[in-house]
Amino acid sequence: MKIVFSALAAIVIIGLVFFIRSLLFERVASVLPPPPANAPYRDPSLQAEKRIDDLLATMTLDEKIGQMALVEKNSIKNIADVATYGLGGVLSGAGGKPDDNTPQGWKQMVASYSDAAKRSRLGIPVLYGADANHGNGNVPGATIFPHAIGLGAANDPALTEQVARATAEESAAMGIRWNFSPALDLPADIRWGRVYEEFSDDTERAGSLGAAYITGLQDQSVPGGRINVLATAKHYIGVGSMTWGTSMNKDFHLDQGVVPDSEQALRNEYLGPFRAAVNAGAMSVMAGLGYWGSVNISADKYLLTDVLKNELGFKGFVVSDWYGVYEFSANNYASLIASVNAGMDMVMLPYDYKSFVAQMRSAVASNDIKESRIDDAVRRILRAKFAMGLFDEPPGSAPGIETIGSAAHRELARKAVQESLVLLKNTDDLLPIQKNVNHIRVAGSAADNFGRQAGAWTVEWQGIDGNWIPGTTSILSGIRNMVSKETRVEYDINGNFPKSDLADIGIAVVGEKPYAEGWGDNAEPRLDNADLAAIANLKKTCKQVVVVLVTGRPLIITDELPKWDAVVAAWLPGSEGEGVSDALFGATKFTGTLPLPWPRSIKQLPFSFDGKGADGTSPLFPRGYGFR
Ligand code: BGC
């Protein structure tokens, strides 16, 4: 009895101590006076590390914990919390738009968080982040560039850098200075719903394009050499090699699954693009959602600290993915401390930041997390903020919103589309088509559909199927603009045309509905019946048929291929559909090559990095294939 009583008393006393300590922390931060206007951290003439030393010496534990929080904007009910908690970052999760979804609306919304942060005791600027992974797709009217797989097919680092620079301009114009891209995973399995977010399954190609993309986004050519938009190399690491059927999310199959913990694959394949990213100056890396063998990636000290920070020499900060630090254990507190101790510096908090702050306080009070670990995390976050010039920025230095969807950016996007096309088959040199051909028939679900061209991560997380943004050009309108005045162009989505006459050429523009992340995990990616029927119908009323595949990944087409005269992989080209017709009609040449092997059958999945199927057989088309 006595023992039970003493144990209970001890628990109550310990609880009280924690409670009083946590109250004290909160008080101290709110009553401390702000540092003087000439505090060293505010002095732009000092070296960043000196300014960080000064800030760290000034910050309370609460202020440090606040910097480690990256909070989804929809969970912030009171904007004053940005200052009260000294939040390090705020994000728009995919589709996290303002009520007024215009560039001006975004600009005002982001500014409201930045202004709130300035009202905190130390006035540390907040980082505002969003996914702008194929242009600033968050807002209608932005230039939508091809998704990364198209840039991977173009394999042109200079072009990739320009695309990223334009993307940075369009997002910085709305105040978004942090972009959760590029994705540098190496997709080994086309069943994954994120294949199109990646450049290639080849470590060299992904590395060189990823580095170019980071250089373009961060664009340090501006006066003072500050980083324009902070890039995020993601999803560290091995995430393209998850095993089908292992997802920890009950709705998914492969996304958020288990990566076999092969040290050889880590060294020879996965690390390559991240090494290139670190060398290109990446200051933020996002940890993947999923497992490395039996250990959750977000809690793996070997991967996050030993390899990434110590071995690759990464000096920036590691940020977790959506709810990532909490996903692997029912015990939130235990997951959080495991993750922070493994090397997580900033925690993405889609729902509840107040419990994060409370848990972190308790963790430090009970020595579950050492304050030196917190200092290291905050130093890394501040390092990025100083490199971006956020502390020193004169107001109004961002580019104007007229850069969004500008003619110059659309022209660049059109060029990117032209270069991304891969010509897979061309019987009797059917392509290019003569511009003055008499009669063309066009069919297919993606011929006149901006939503399919753009894919997901366009205003909404999962994208929007259909023609819903004015100002974009569909592939059909590109065809119409390209041909001679005399050419007759007919269009029917299902390919139902009179059988009384035969057109010279049928163009079937077919493909996938938009999807994102695990919602796009697909046991057997193929064309759907409606598109197959549209192609079959065209075959009946046209002398020859060209199939244009608008798709986020290779589809299984082995049985159909012999029936098609020419085939072009157009990936997810974005807002400038004319780029496709440019090459179809010979205004530009086909130069793209496959950024990953095109499987013959599902049995070949996943591919090994040497381009062989799981069953040892060769793909339908190897990586690097493409008529030029
Ligand atoms: C994705 C990340 C993305 C994040 C923020 C997550 O669901 O996995 O790639 O950056 O959401 O939107």
# chains A, B, ... in the order shown; residues from 1 in each chain; ligands from 1

$ select_by_dssp --residues "stretch 79-182 of chain A" --states "strand (DSSP E)" --output "list in words"
Gly89, Val90, Leu91, Ser92, Leu127, Tyr128, Gly129, Ala130, Trp178 and Asn179 of chain A

$ write_last_selection --atoms "N, CA and C atoms" --output "PDB file, in the first residue's frame"
ATOM      1  N   GLY A  89       7.672  28.045 -39.940  1.00  0.00           N
ATOM      2  CA  GLY A  89       7.156  27.980 -41.308  1.00  0.00           C
ATOM      3  C   GLY A  89       5.652  27.776 -41.319  1.00  0.00           C
ATOM      4  N   VAL A  90       5.051  28.231 -42.401  1.00  0.00           N
ATOM      5  CA  VAL A  90       3.624  27.979 -42.652  1.00  0.00           C
ATOM      6  C   VAL A  90       3.562  27.423 -44.071  1.00  0.00           C
ATOM      7  N   LEU A  91       2.693  26.447 -44.288  1.00  0.00           N
ATOM      8  CA  LEU A  91       2.583  25.917 -45.648  1.00  0.00           C
ATOM      9  C   LEU A  91       1.139  25.884 -46.106  1.00  0.00           C
ATOM     10  N   SER A  92       0.999  25.931 -47.416  1.00  0.00           N
ATOM     11  CA  SER A  92      -0.259  25.564 -48.042  1.00  0.00           C
ATOM     12  C   SER A  92      -0.076  24.125 -48.469  1.00  0.00           C
ATOM     13  N   LEU A 127       8.926  31.205 -42.974  1.00  0.00           N
ATOM     14  CA  LEU A 127       9.062  30.653 -44.330  1.00  0.00           C
ATOM     15  C   LEU A 127       7.678  30.235 -44.792  1.00  0.00           C
ATOM     16  N   TYR A 128       7.254  30.672 -45.982  1.00  0.00           N
ATOM     17  CA  TYR A 128       5.961  30.193 -46.481  1.00  0.00           C
ATOM     18  C   TYR A 128       6.229  29.203 -47.613  1.00  0.00           C
ATOM     19  N   GLY A 129       5.753  27.985 -47.456  1.00  0.00           N
ATOM     20  CA  GLY A 129       6.054  26.933 -48.432  1.00  0.00           C
ATOM     21  C   GLY A 129       4.825  26.385 -49.135  1.00  0.00           C
ATOM     22  N   ALA A 130       5.028  25.890 -50.338  1.00  0.00           N
ATOM     23  CA  ALA A 130       3.954  25.239 -51.099  1.00  0.00           C
ATOM     24  C   ALA A 130       4.587  24.335 -52.145  1.00  0.00           C
ATOM     25  N   TRP A 178       9.304  29.308 -50.743  1.00  0.00           N
ATOM     26  CA  TRP A 178       9.795  27.956 -50.442  1.00  0.00           C
ATOM     27  C   TRP A 178       8.964  26.968 -51.251  1.00  0.00           C
ATOM     28  N   ASN A 179       9.648  26.171 -52.060  1.00  0.00           N
ATOM     29  CA  ASN A 179       8.972  25.229 -52.953  1.00  0.00           C
ATOM     30  C   ASN A 179       9.354  23.803 -52.558  1.00  0.00           C
TER      31      ASN A 179
END

$ closest_atom_pairs --of "chain A" --to "ligand 1" --cutoff "6 Å" --atoms "only C-alpha atoms and all ligand atoms" --output "Markdown table"
| residue | atom | partner | partner_atom_place_in_ligand_line | distance |
| --- | --- | --- | --- | --- |
| A:Gly93 | CA | ligand 1 | 12 (O) | 4.0 |
| A:Ala94 | CA | ligand 1 | 12 (O) | 4.7 |
| A:Asp131 | CA | ligand 1 | 10 (O) | 5.6 |
| A:Phe180 | CA | ligand 1 | 10 (O) | 4.9 |
| A:Asp321 | CA | ligand 1 | 6 (C) | 5.6 |
| A:Trp322 | CA | ligand 1 | 6 (C) | 4.9 |

$ residues_around --residues "stretch 73-87 of chain A" --least-positions-apart "6" --cutoff "12 Å" --atoms "only C-alpha atoms" --output "VMD selection string"
chain A and resid 25 to 27 29 to 31 59 to 67 93 to 99 109 to 130 346 to 358 378 381

$ residues_around --residues "A:Gly552" --least-positions-apart "3" --cutoff "7 Å" --atoms "only C-alpha atoms" --output "PyMOL selection string"
chain A and resi 195-196+571-572

$ write_last_selection --atoms "all heavy atoms" --output "PDB file, in the first residue's frame"
ATOM      1  N   VAL A 195       5.055   8.584 -60.138  1.00  0.00           N
ATOM      2  CA  VAL A 195       6.130   8.431 -61.130  1.00  0.00           C
ATOM      3  C   VAL A 195       6.394   9.759 -61.852  1.00  0.00           C
ATOM      4  O   VAL A 195       7.535  10.174 -62.050  1.00  0.00           O
ATOM      5  CB  VAL A 195       5.772   7.314 -62.137  1.00  0.00           C
ATOM      6  CG1 VAL A 195       6.745   7.294 -63.305  1.00  0.00           C
ATOM      7  CG2 VAL A 195       5.739   5.959 -61.448  1.00  0.00           C
ATOM      8  N   TYR A 196       5.298  10.457 -62.206  1.00  0.00           N
ATOM      9  CA  TYR A 196       5.459  11.671 -63.024  1.00  0.00           C
ATOM     10  C   TYR A 196       6.098  12.839 -62.286  1.00  0.00           C
ATOM     11  O   TYR A 196       6.504  13.812 -62.900  1.00  0.00           O
ATOM     12  CB  TYR A 196       4.104  12.110 -63.588  1.00  0.00           C
ATOM     13  CG  TYR A 196       3.106  12.499 -62.515  1.00  0.00           C
ATOM     14  CD1 TYR A 196       3.085  13.777 -61.983  1.00  0.00           C
ATOM     15  CD2 TYR A 196       2.195  11.573 -62.006  1.00  0.00           C
ATOM     16  CE1 TYR A 196       2.181  14.130 -60.984  1.00  0.00           C
ATOM     17  CE2 TYR A 196       1.290  11.914 -61.021  1.00  0.00           C
ATOM     18  CZ  TYR A 196       1.300  13.193 -60.510  1.00  0.00           C
ATOM     19  OH  TYR A 196       0.420  13.532 -59.515  1.00  0.00           O
ATOM     20  N   TRP A 571       3.695  12.619 -72.043  1.00  0.00           N
ATOM     21  CA  TRP A 571       3.695  12.811 -70.584  1.00  0.00           C
ATOM     22  C   TRP A 571       2.559  13.741 -70.182  1.00  0.00           C
ATOM     23  O   TRP A 571       1.486  13.681 -70.764  1.00  0.00           O
ATOM     24  CB  TRP A 571       5.075  13.291 -70.117  1.00  0.00           C
ATOM     25  CG  TRP A 571       6.182  12.484 -70.753  1.00  0.00           C
ATOM     26  CD1 TRP A 571       7.094  12.923 -71.665  1.00  0.00           C
ATOM     27  CD2 TRP A 571       6.457  11.074 -70.578  1.00  0.00           C
ATOM     28  NE1 TRP A 571       7.917  11.893 -72.049  1.00  0.00           N
ATOM     29  CE2 TRP A 571       7.565  10.753 -71.407  1.00  0.00           C
ATOM     30  CE3 TRP A 571       5.884  10.050 -69.808  1.00  0.00           C
ATOM     31  CZ2 TRP A 571       8.089   9.466 -71.474  1.00  0.00           C
ATOM     32  CZ3 TRP A 571       6.420   8.776 -69.872  1.00  0.00           C
ATOM     33  CH2 TRP A 571       7.509   8.496 -70.693  1.00  0.00           C
ATOM     34  N   LEU A 572       2.830  14.634 -69.219  1.00  0.00           N
ATOM     35  CA  LEU A 572       1.787  15.578 -68.781  1.00  0.00           C
ATOM     36  C   LEU A 572       2.282  16.971 -69.145  1.00  0.00           C
ATOM     37  O   LEU A 572       2.978  17.621 -68.371  1.00  0.00           O
ATOM     38  CB  LEU A 572       1.561  15.431 -67.273  1.00  0.00           C
ATOM     39  CG  LEU A 572       1.103  14.030 -66.846  1.00  0.00           C
ATOM     40  CD1 LEU A 572       1.117  13.879 -65.334  1.00  0.00           C
ATOM     41  CD2 LEU A 572      -0.286  13.705 -67.394  1.00  0.00           C
TER      42      LEU A 572
END

$ residues_around --residues "A:Gly613" --least-positions-apart "6" --cutoff "8 Å" --atoms "only C-alpha atoms" --output "tab-separated table (two decimals) with N, CA, C and O atoms, in the first residue's frame"
chain	number	residue	atom	x	y	z
A	599	PRO	N	7.74	-0.81	-69.51
A	599	PRO	CA	7.55	-2.26	-69.33
A	599	PRO	C	6.69	-2.91	-70.40
A	599	PRO	O	5.80	-2.28	-70.95
A	603	LYS	N	4.47	-8.09	-64.93
A	603	LYS	CA	5.36	-9.10	-64.31
A	603	LYS	C	6.79	-8.59	-64.20
A	603	LYS	O	7.59	-9.10	-63.45
A	604	GLN	N	7.12	-7.58	-65.01
A	604	GLN	CA	8.50	-7.09	-65.00
A	604	GLN	C	8.79	-6.13	-63.85
A	604	GLN	O	9.92	-5.69	-63.67
A	605	LEU	N	7.74	-5.78	-63.08
A	605	LEU	CA	7.91	-4.74	-62.06
A	605	LEU	C	8.33	-5.33	-60.72
A	605	LEU	O	7.84	-6.40	-60.37
A	606	PRO	N	9.17	-4.66	-59.96
A	606	PRO	CA	9.84	-3.42	-60.31
A	606	PRO	C	11.07	-3.69	-61.18
A	606	PRO	O	11.64	-4.79	-61.14
A	607	PHE	N	11.48	-2.68	-61.92
A	607	PHE	CA	12.71	-2.80	-62.70
A	607	PHE	C	13.94	-2.65	-61.82
A	607	PHE	O	13.91	-1.95	-60.81
A	619	PRO	N	12.71	-4.69	-71.22
A	619	PRO	CA	11.44	-3.94	-71.34
A	619	PRO	C	10.98	-3.87	-72.79
A	619	PRO	O	11.71	-4.24	-73.70

$ closest_residue --among "A:Ala387, A:Ile440, A:Leu308, A:Met344" --to "A:Met482" --atoms "only C-alpha atoms"
A:Ile440

$ closest_residue --among "A:Leu532, A:Leu421, A:Leu527, A:Val319" --to "A:Ala569" --atoms "only C-alpha atoms"
A:Leu421

$ closest_residue --among "A:Ala407, A:Leu596, A:Val568, A:Leu502" --to "A:Thr203" --atoms "only C-alpha atoms"
A:Leu596

$ select_by_dssp --residues "stretch 78-147 of chain A" --states "alpha helix (DSSP H)" --output "list in words"
Asp81, Val82, Ala83, Thr84, Pro103, Gln104, Gly105, Trp106, Lys107, Gln108, Met109, Val110, Ala111, Ser112, Tyr113, Ser114, Asp115, Ala116, Ala117 and Lys118 of chain A

$ residues_around --residues "stretch 539-549 of chain A" --least-positions-apart "2" --cutoff "6 Å" --atoms "only C-alpha atoms" --output "list of chain:residue names"
A:Lys499, A:Leu502, A:Ala503, A:Asp504, A:Ile505, A:Gly506, A:Ile507, A:Ala508, A:Val509, A:Val510, A:Gly511, A:Ala536, A:Asn537, A:Thr551, A:Asp565, A:Ala566, A:Val567, A:Val568, A:Ala569, A:Ala570

$ closest_residue --among "A:Ala276, A:Ile176, A:Tyr291, A:Val229" --to "A:Ser247" --atoms "only C-alpha atoms"
A:Tyr291

$ atom_distance --atom1 "atom CA of A:Glu490" --atom2 "atom CA of A:Ala530"
18.4 Å

$ closest_residue --among "A:Asp202, A:Asp501, A:Glu161, A:Glu311" --to "A:Asp219" --atoms "only C-alpha atoms"
A:Glu161
